[in-house]
Amino acid sequence: MRAFIFPGQGSQAVGMGHALAEASSEARALLAEVDEALGQPLSTLMAEGPEDQLTLTENAQPAIMANSLAVLRVLESAGIRLGDKAGCVAGHSLGEYSALAAAGTFDIPTTARLLKLRGRSMQAAVPVGQGAMAALLGLELGEVEAIAREAAQGEVCTPANDNAPGQVVVSGHKAAVERAIAIAKSRGARRALLLPVSAPFHCPLMEPAARAMDEALGKVELRAPTVPLYANVTAARVEDPAEIRRLLVAQVTGRVRWRESVAAMAEAGVTHFIELGGKVLGPMVKRIAPDAKITSVVSIDDIEALVKEL
């Protein structure tokens, strides 16, 4: 069984999608659809930068989705249908929206507008400089949970992303996260470093953004996905639109349980993970499910190779 998986924030780069759009009218059409939905030339920003504008959360989130779905659109034009070739989908953080759009829960314009709002709301939830995130490498989740509790000291500090064995990210108030880094180093972490992010994602400080997404998601139609989604916050499959809506709201403040999600997909019989629009998730998946086949699909050459294989 195959899983189609979709990358999250941090996978953006100036030039993303440009070569694909030059090679494919289907990719160009999808990017134009996103531009129109947002009322901004996002595809130009993706192609040309500047990098600091592309990296802004409210631009990076819809851009990463657009890049992933452009790849899927080209695959579809070659006769590769997700519902026929995949047993499930999953995405890392914002990639969950990409996965749901790929599986037909949202249309592309709705997904773009939701991600624009999500990025803007997450950025606005905490004043710049008050929050932080840090990667604690070489420690397992239980060790990081203990470190976060010790570091909190009345502030927020919690595991935000459980990405792979020995790769956990904490999020919260900046001072608490800095204390977590110091404690982690004293406990034998291989590396412990602040991440270059603009806000403390996936922690209780994001509650204002969760409220904004709850309101926005209550106004849009969600259809049942063509294949099940493995949700970030439960690491379990879900197909019911009402439950998907609830989990997308919970995801804003909740932990991205990527390690458990991949393990659950592998246990359910997934042997081939296909990452659309990035090369970030593949190495994580390989550490979680070493026997699985990993395919990253970004370029037109990647697409043509996958079409021949499938």
# chains A, B, ... in the order shown; residues from 1 in each chain; ligands from 1
>>> residues_around(residues="range 293-310 of chain A", least_positions_apart="3", cutoff="9 Å", atoms="only C-alpha atoms", output="PyMOL selection string")
chain A and resi 16-17+19-20+23-24+67-68+71-72+74-75+78-80+85+271-283+285-286+289-290
>>> select_by_dssp(residues="range 33-242 of chain A", states="strand (DSSP E or B)", output="PyMOL selection string")
chain A and resi 88-91+131-137+157-164+167-173+191-194+229-230+237-238
>>> write_last_selection(atoms="C-alpha atoms", output="mmCIF file, in the first residue's frame")
data_model
loop_
_atom_site.group_PDB
_atom_site.id
_atom_site.type_symbol
_atom_site.label_atom_id
_atom_site.label_comp_id
_atom_site.auth_asym_id
_atom_site.auth_seq_id
_atom_site.Cartn_x
_atom_site.Cartn_y
_atom_site.Cartn_z
ATOM 1 C CA CYS A 88 -4.070 6.977 2.667
ATOM 2 C CA VAL A 89 -2.666 10.510 2.924
ATOM 3 C CA ALA A 90 -0.895 12.512 5.631
ATOM 4 C CA GLY A 91 0.782 15.878 5.915
ATOM 5 C CA GLY A 131 7.967 32.868 21.712
ATOM 6 C CA ALA A 132 10.469 30.384 20.310
ATOM 7 C CA MET A 133 10.945 26.818 19.107
ATOM 8 C CA ALA A 134 13.974 24.576 19.502
ATOM 9 C CA ALA A 135 15.063 21.235 18.104
ATOM 10 C CA LEU A 136 16.343 18.799 20.727
ATOM 11 C CA LEU A 137 18.213 16.086 18.844
ATOM 12 C CA CYS A 157 7.165 24.852 27.115
ATOM 13 C CA THR A 158 5.914 21.702 25.435
ATOM 14 C CA PRO A 159 6.889 19.198 22.748
ATOM 15 C CA ALA A 160 5.438 20.548 19.485
ATOM 16 C CA ASN A 161 6.739 18.172 16.798
ATOM 17 C CA ASP A 162 7.644 14.542 17.403
ATOM 18 C CA ASN A 163 9.256 14.130 14.005
ATOM 19 C CA ALA A 164 11.330 10.950 14.232
ATOM 20 C CA GLN A 167 14.177 14.423 16.701
ATOM 21 C CA VAL A 168 11.726 16.363 18.859
ATOM 22 C CA VAL A 169 10.923 20.091 18.718
ATOM 23 C CA VAL A 170 9.734 22.103 21.722
ATOM 24 C CA SER A 171 7.712 25.309 21.595
ATOM 25 C CA GLY A 172 6.628 28.014 24.024
ATOM 26 C CA HIS A 173 7.804 31.163 25.753
ATOM 27 C CA ARG A 191 22.314 19.034 19.519
ATOM 28 C CA ALA A 192 19.893 21.561 20.991
ATOM 29 C CA LEU A 193 19.282 24.743 19.039
ATOM 30 C CA LEU A 194 16.751 27.485 18.458
ATOM 31 C CA LEU A 229 -6.168 10.890 6.434
ATOM 32 C CA TYR A 230 -3.755 10.045 9.238
ATOM 33 C CA ARG A 237 -6.936 7.496 10.414
ATOM 34 C CA VAL A 238 -9.966 9.726 10.035
#
>>> closest_residue(among="A:Ala124, A:Leu114, A:Gly154, A:Ala13", to="Glu215 in chain A", atoms="only C-alpha atoms")
A:Leu114
>>> closest_residue(among="A:Val227, A:Ala210, A:Ala176, A:Ala152", to="Val252 in chain A", atoms="only C-alpha atoms")
A:Ala210
>>> residues_around(residues="Thr44 in chain A", least_positions_apart="3", cutoff="12 Å", atoms="only C-alpha atoms", output="PyMOL selection string")
chain A and resi 14-18+21+28+31-32+34-35+40-41+47-51+53-54+59+63
>>> residues_around(residues="range 231-233 of chain A", least_positions_apart="6", cutoff="12 Å", atoms="only C-alpha atoms", output="PDB file with N, CA and C atoms, in the first residue's frame")
ATOM      1  N   ILE A   5       2.256  11.736   0.964  1.00  0.00           N
ATOM      2  CA  ILE A   5       2.521  12.593   2.118  1.00  0.00           C
ATOM      3  C   ILE A   5       2.969  13.980   1.641  1.00  0.00           C
ATOM      4  N   PHE A   6       2.732  14.981   2.484  1.00  0.00           N
ATOM      5  CA  PHE A   6       2.859  16.376   2.063  1.00  0.00           C
ATOM      6  C   PHE A   6       3.652  17.172   3.105  1.00  0.00           C
ATOM      7  N   GLY A   8       5.607  20.280   5.309  1.00  0.00           N
ATOM      8  CA  GLY A   8       5.148  21.448   6.040  1.00  0.00           C
ATOM      9  C   GLY A   8       6.111  22.609   5.953  1.00  0.00           C
ATOM     10  N   CYS A  88      -3.838   5.958   1.653  1.00  0.00           N
ATOM     11  CA  CYS A  88      -4.070   6.977   2.667  1.00  0.00           C
ATOM     12  C   CYS A  88      -3.212   8.192   2.337  1.00  0.00           C
ATOM     13  N   VAL A  89      -3.469   9.298   3.043  1.00  0.00           N
ATOM     14  CA  VAL A  89      -2.666  10.510   2.924  1.00  0.00           C
ATOM     15  C   VAL A  89      -2.324  11.011   4.322  1.00  0.00           C
ATOM     16  N   ALA A  90      -1.270  11.841   4.385  1.00  0.00           N
ATOM     17  CA  ALA A  90      -0.895  12.512   5.631  1.00  0.00           C
ATOM     18  C   ALA A  90      -0.053  13.716   5.262  1.00  0.00           C
ATOM     19  N   GLY A  91      -0.041  14.701   6.143  1.00  0.00           N
ATOM     20  CA  GLY A  91       0.782  15.878   5.915  1.00  0.00           C
ATOM     21  C   GLY A  91       1.324  16.396   7.221  1.00  0.00           C
ATOM     22  N   HIS A  92       2.489  17.036   7.158  1.00  0.00           N
ATOM     23  CA  HIS A  92       3.141  17.555   8.360  1.00  0.00           C
ATOM     24  C   HIS A  92       2.669  18.984   8.608  1.00  0.00           C
ATOM     25  N   SER A  93       1.904  19.185   9.683  1.00  0.00           N
ATOM     26  CA  SER A  93       1.387  20.498  10.063  1.00  0.00           C
ATOM     27  C   SER A  93       0.553  21.078   8.920  1.00  0.00           C
ATOM     28  N   LEU A  94       0.977  22.183   8.287  1.00  0.00           N
ATOM     29  CA  LEU A  94       0.173  22.741   7.190  1.00  0.00           C
ATOM     30  C   LEU A  94      -0.011  21.729   6.067  1.00  0.00           C
ATOM     31  N   GLY A  95       0.921  20.769   5.954  1.00  0.00           N
ATOM     32  CA  GLY A  95       0.808  19.731   4.937  1.00  0.00           C
ATOM     33  C   GLY A  95      -0.454  18.902   5.078  1.00  0.00           C
ATOM     34  N   GLU A  96      -1.066  18.946   6.261  1.00  0.00           N
ATOM     35  CA  GLU A  96      -2.335  18.240   6.444  1.00  0.00           C
ATOM     36  C   GLU A  96      -3.430  18.857   5.564  1.00  0.00           C
ATOM     37  N   TYR A  97      -3.367  20.170   5.385  1.00  0.00           N
ATOM     38  CA  TYR A  97      -4.319  20.832   4.483  1.00  0.00           C
ATOM     39  C   TYR A  97      -4.044  20.422   3.040  1.00  0.00           C
ATOM     40  N   ALA A  99      -2.780  17.599   2.098  1.00  0.00           N
ATOM     41  CA  ALA A  99      -3.244  16.217   1.987  1.00  0.00           C
ATOM     42  C   ALA A  99      -4.759  16.162   1.808  1.00  0.00           C
ATOM     43  N   LEU A 100      -5.460  17.000   2.553  1.00  0.00           N
ATOM     44  CA  LEU A 100      -6.924  17.010   2.465  1.00  0.00           C
ATOM     45  C   LEU A 100      -7.395  17.576   1.129  1.00  0.00           C
ATOM     46  N   ALA A 160       6.328  20.088  20.549  1.00  0.00           N
ATOM     47  CA  ALA A 160       5.438  20.548  19.485  1.00  0.00           C
ATOM     48  C   ALA A 160       5.432  19.611  18.296  1.00  0.00           C
ATOM     49  N   ASN A 161       6.601  19.084  17.934  1.00  0.00           N
ATOM     50  CA  ASN A 161       6.739  18.172  16.798  1.00  0.00           C
ATOM     51  C   ASN A 161       7.540  16.957  17.245  1.00  0.00           C
ATOM     52  N   ASP A 162       6.927  15.801  17.194  1.00  0.00           N
ATOM     53  CA  ASP A 162       7.644  14.542  17.403  1.00  0.00           C
ATOM     54  C   ASP A 162       7.888  13.972  16.010  1.00  0.00           C
ATOM     55  N   ASN A 163       9.021  14.362  15.428  1.00  0.00           N
ATOM     56  CA  ASN A 163       9.256  14.130  14.005  1.00  0.00           C
ATOM     57  C   ASN A 163       9.761  12.740  13.671  1.00  0.00           C
ATOM     58  N   HIS A 202       2.229  25.168  17.441  1.00  0.00           N
ATOM     59  CA  HIS A 202       1.825  23.898  18.054  1.00  0.00           C
ATOM     60  C   HIS A 202       2.071  23.863  19.565  1.00  0.00           C
ATOM     61  N   CYS A 203       1.663  24.931  20.227  1.00  0.00           N
ATOM     62  CA  CYS A 203       1.676  24.953  21.696  1.00  0.00           C
ATOM     63  C   CYS A 203       0.490  25.793  22.153  1.00  0.00           C
ATOM     64  N   GLU A 239     -11.880   9.863   8.558  1.00  0.00           N
ATOM     65  CA  GLU A 239     -12.575  10.094   7.292  1.00  0.00           C
ATOM     66  C   GLU A 239     -13.806  10.981   7.452  1.00  0.00           C
ATOM     67  N   ASP A 240     -14.312  11.121   8.666  1.00  0.00           N
ATOM     68  CA  ASP A 240     -15.526  11.887   8.908  1.00  0.00           C
ATOM     69  C   ASP A 240     -15.241  13.385   8.841  1.00  0.00           C
ATOM     70  N   GLU A 243     -15.217  15.332  12.155  1.00  0.00           N
ATOM     71  CA  GLU A 243     -14.054  15.008  12.984  1.00  0.00           C
ATOM     72  C   GLU A 243     -12.791  15.645  12.403  1.00  0.00           C
ATOM     73  N   ILE A 244     -12.670  15.658  11.084  1.00  0.00           N
ATOM     74  CA  ILE A 244     -11.526  16.318  10.451  1.00  0.00           C
ATOM     75  C   ILE A 244     -11.494  17.795  10.829  1.00  0.00           C
ATOM     76  N   ARG A 245     -12.645  18.446  10.796  1.00  0.00           N
ATOM     77  CA  ARG A 245     -12.725  19.866  11.167  1.00  0.00           C
ATOM     78  C   ARG A 245     -12.240  20.055  12.603  1.00  0.00           C
ATOM     79  N   ARG A 246     -12.695  19.213  13.502  1.00  0.00           N
ATOM     80  CA  ARG A 246     -12.303  19.333  14.915  1.00  0.00           C
ATOM     81  C   ARG A 246     -10.794  19.140  15.080  1.00  0.00           C
ATOM     82  N   LEU A 247     -10.250  18.172  14.370  1.00  0.00           N
ATOM     83  CA  LEU A 247      -8.826  17.885  14.496  1.00  0.00           C
ATOM     84  C   LEU A 247      -7.956  18.981  13.896  1.00  0.00           C
ATOM     85  N   LEU A 248      -8.428  19.632  12.833  1.00  0.00           N
ATOM     86  CA  LEU A 248      -7.668  20.747  12.250  1.00  0.00           C
ATOM     87  C   LEU A 248      -7.587  21.920  13.225  1.00  0.00           C
ATOM     88  N   VAL A 249      -8.639  22.133  13.984  1.00  0.00           N
ATOM     89  CA  VAL A 249      -8.601  23.181  15.011  1.00  0.00           C
ATOM     90  C   VAL A 249      -7.634  22.781  16.127  1.00  0.00           C
ATOM     91  N   ALA A 250      -7.753  21.539  16.590  1.00  0.00           N
ATOM     92  CA  ALA A 250      -6.877  21.056  17.666  1.00  0.00           C
ATOM     93  C   ALA A 250      -5.410  21.066  17.249  1.00  0.00           C
ATOM     94  N   GLN A 251      -5.154  20.886  15.956  1.00  0.00           N
ATOM     95  CA  GLN A 251      -3.783  20.817  15.449  1.00  0.00           C
ATOM     96  C   GLN A 251      -3.018  22.123  15.671  1.00  0.00           C
ATOM     97  N   VAL A 252      -3.705  23.256  15.713  1.00  0.00           N
ATOM     98  CA  VAL A 252      -3.025  24.552  15.848  1.00  0.00           C
ATOM     99  C   VAL A 252      -2.253  24.630  17.163  1.00  0.00           C
ATOM    100  N   THR A 253      -2.845  24.112  18.226  1.00  0.00           N
ATOM    101  CA  THR A 253      -2.180  24.140  19.536  1.00  0.00           C
ATOM    102  C   THR A 253      -1.590  22.781  19.911  1.00  0.00           C
ATOM    103  N   GLY A 254      -1.927  21.733  19.148  1.00  0.00           N
ATOM    104  CA  GLY A 254      -1.540  20.381  19.523  1.00  0.00           C
ATOM    105  C   GLY A 254      -0.228  19.923  18.901  1.00  0.00           C
ATOM    106  N   ARG A 255       0.250  18.819  19.401  1.00  0.00           N
ATOM    107  CA  ARG A 255       1.512  18.238  18.932  1.00  0.00           C
ATOM    108  C   ARG A 255       1.346  17.576  17.573  1.00  0.00           C
ATOM    109  N   VAL A 256       2.321  17.773  16.700  1.00  0.00           N
ATOM    110  CA  VAL A 256       2.382  17.049  15.431  1.00  0.00           C
ATOM    111  C   VAL A 256       3.027  15.688  15.717  1.00  0.00           C
ATOM    112  N   ARG A 257       2.207  14.657  15.734  1.00  0.00           N
ATOM    113  CA  ARG A 257       2.689  13.312  16.095  1.00  0.00           C
ATOM    114  C   ARG A 257       3.116  12.563  14.825  1.00  0.00           C
ATOM    115  N   TRP A 258       4.130  13.100  14.158  1.00  0.00           N
ATOM    116  CA  TRP A 258       4.532  12.553  12.869  1.00  0.00           C
ATOM    117  C   TRP A 258       5.162  11.166  13.015  1.00  0.00           C
ATOM    118  N   ARG A 259       6.008  10.984  14.007  1.00  0.00           N
ATOM    119  CA  ARG A 259       6.640   9.667  14.212  1.00  0.00           C
ATOM    120  C   ARG A 259       5.576   8.592  14.405  1.00  0.00           C
ATOM    121  N   GLU A 260       4.605   8.869  15.236  1.00  0.00           N
ATOM    122  CA  GLU A 260       3.545   7.891  15.482  1.00  0.00           C
ATOM    123  C   GLU A 260       2.657   7.700  14.251  1.00  0.00           C
ATOM    124  N   SER A 261       2.434   8.771  13.505  1.00  0.00           N
ATOM    125  CA  SER A 261       1.589   8.678  12.303  1.00  0.00           C
ATOM    126  C   SER A 261       2.229   7.755  11.271  1.00  0.00           C
ATOM    127  N   VAL A 262       3.526   7.952  11.028  1.00  0.00           N
ATOM    128  CA  VAL A 262       4.223   7.107  10.053  1.00  0.00           C
ATOM    129  C   VAL A 262       4.243   5.662  10.535  1.00  0.00           C
ATOM    130  N   ALA A 264       2.079   4.229  12.428  1.00  0.00           N
ATOM    131  CA  ALA A 264       0.720   3.683  12.285  1.00  0.00           C
ATOM    132  C   ALA A 264       0.429   3.325  10.828  1.00  0.00           C
ATOM    133  N   MET A 265       0.867   4.159   9.896  1.00  0.00           N
ATOM    134  CA  MET A 265       0.659   3.845   8.482  1.00  0.00           C
ATOM    135  C   MET A 265       1.430   2.595   8.081  1.00  0.00           C
TER     136      MET A 265
END
>>> atom_distance(atom1="CA of Ala70 in chain A", atom2="CA of Glu221 in chain A")
22.1 Å
>>> closest_residue(among="A:Ala236, A:Ser43, A:Ala242, A:Gly142", to="Gly218 in chain A", atoms="only C-alpha atoms")
A:Ala242
>>> select_by_dssp(residues="range 14-113 of chain A", states="alpha helix (DSSP H)", output="PyMOL selection string")
chain A and resi 18-23+25-38+42-48+51-55+57-77+82-85+95-102+108-113
>>> atom_distance(atom1="CA of Val144 in chain A", atom2="CA of Ala263 in chain A")
19.5 Å
>>> atom_distance(atom1="CA of Arg120 in chain A", atom2="CA of Ile181 in chain A")
27.6 Å
>>> closest_residue(among="A:Ala235, A:Pro241, A:Thr57, A:Ala66", to="Glu267 in chain A", atoms="only C-alpha atoms")
A:Ala235
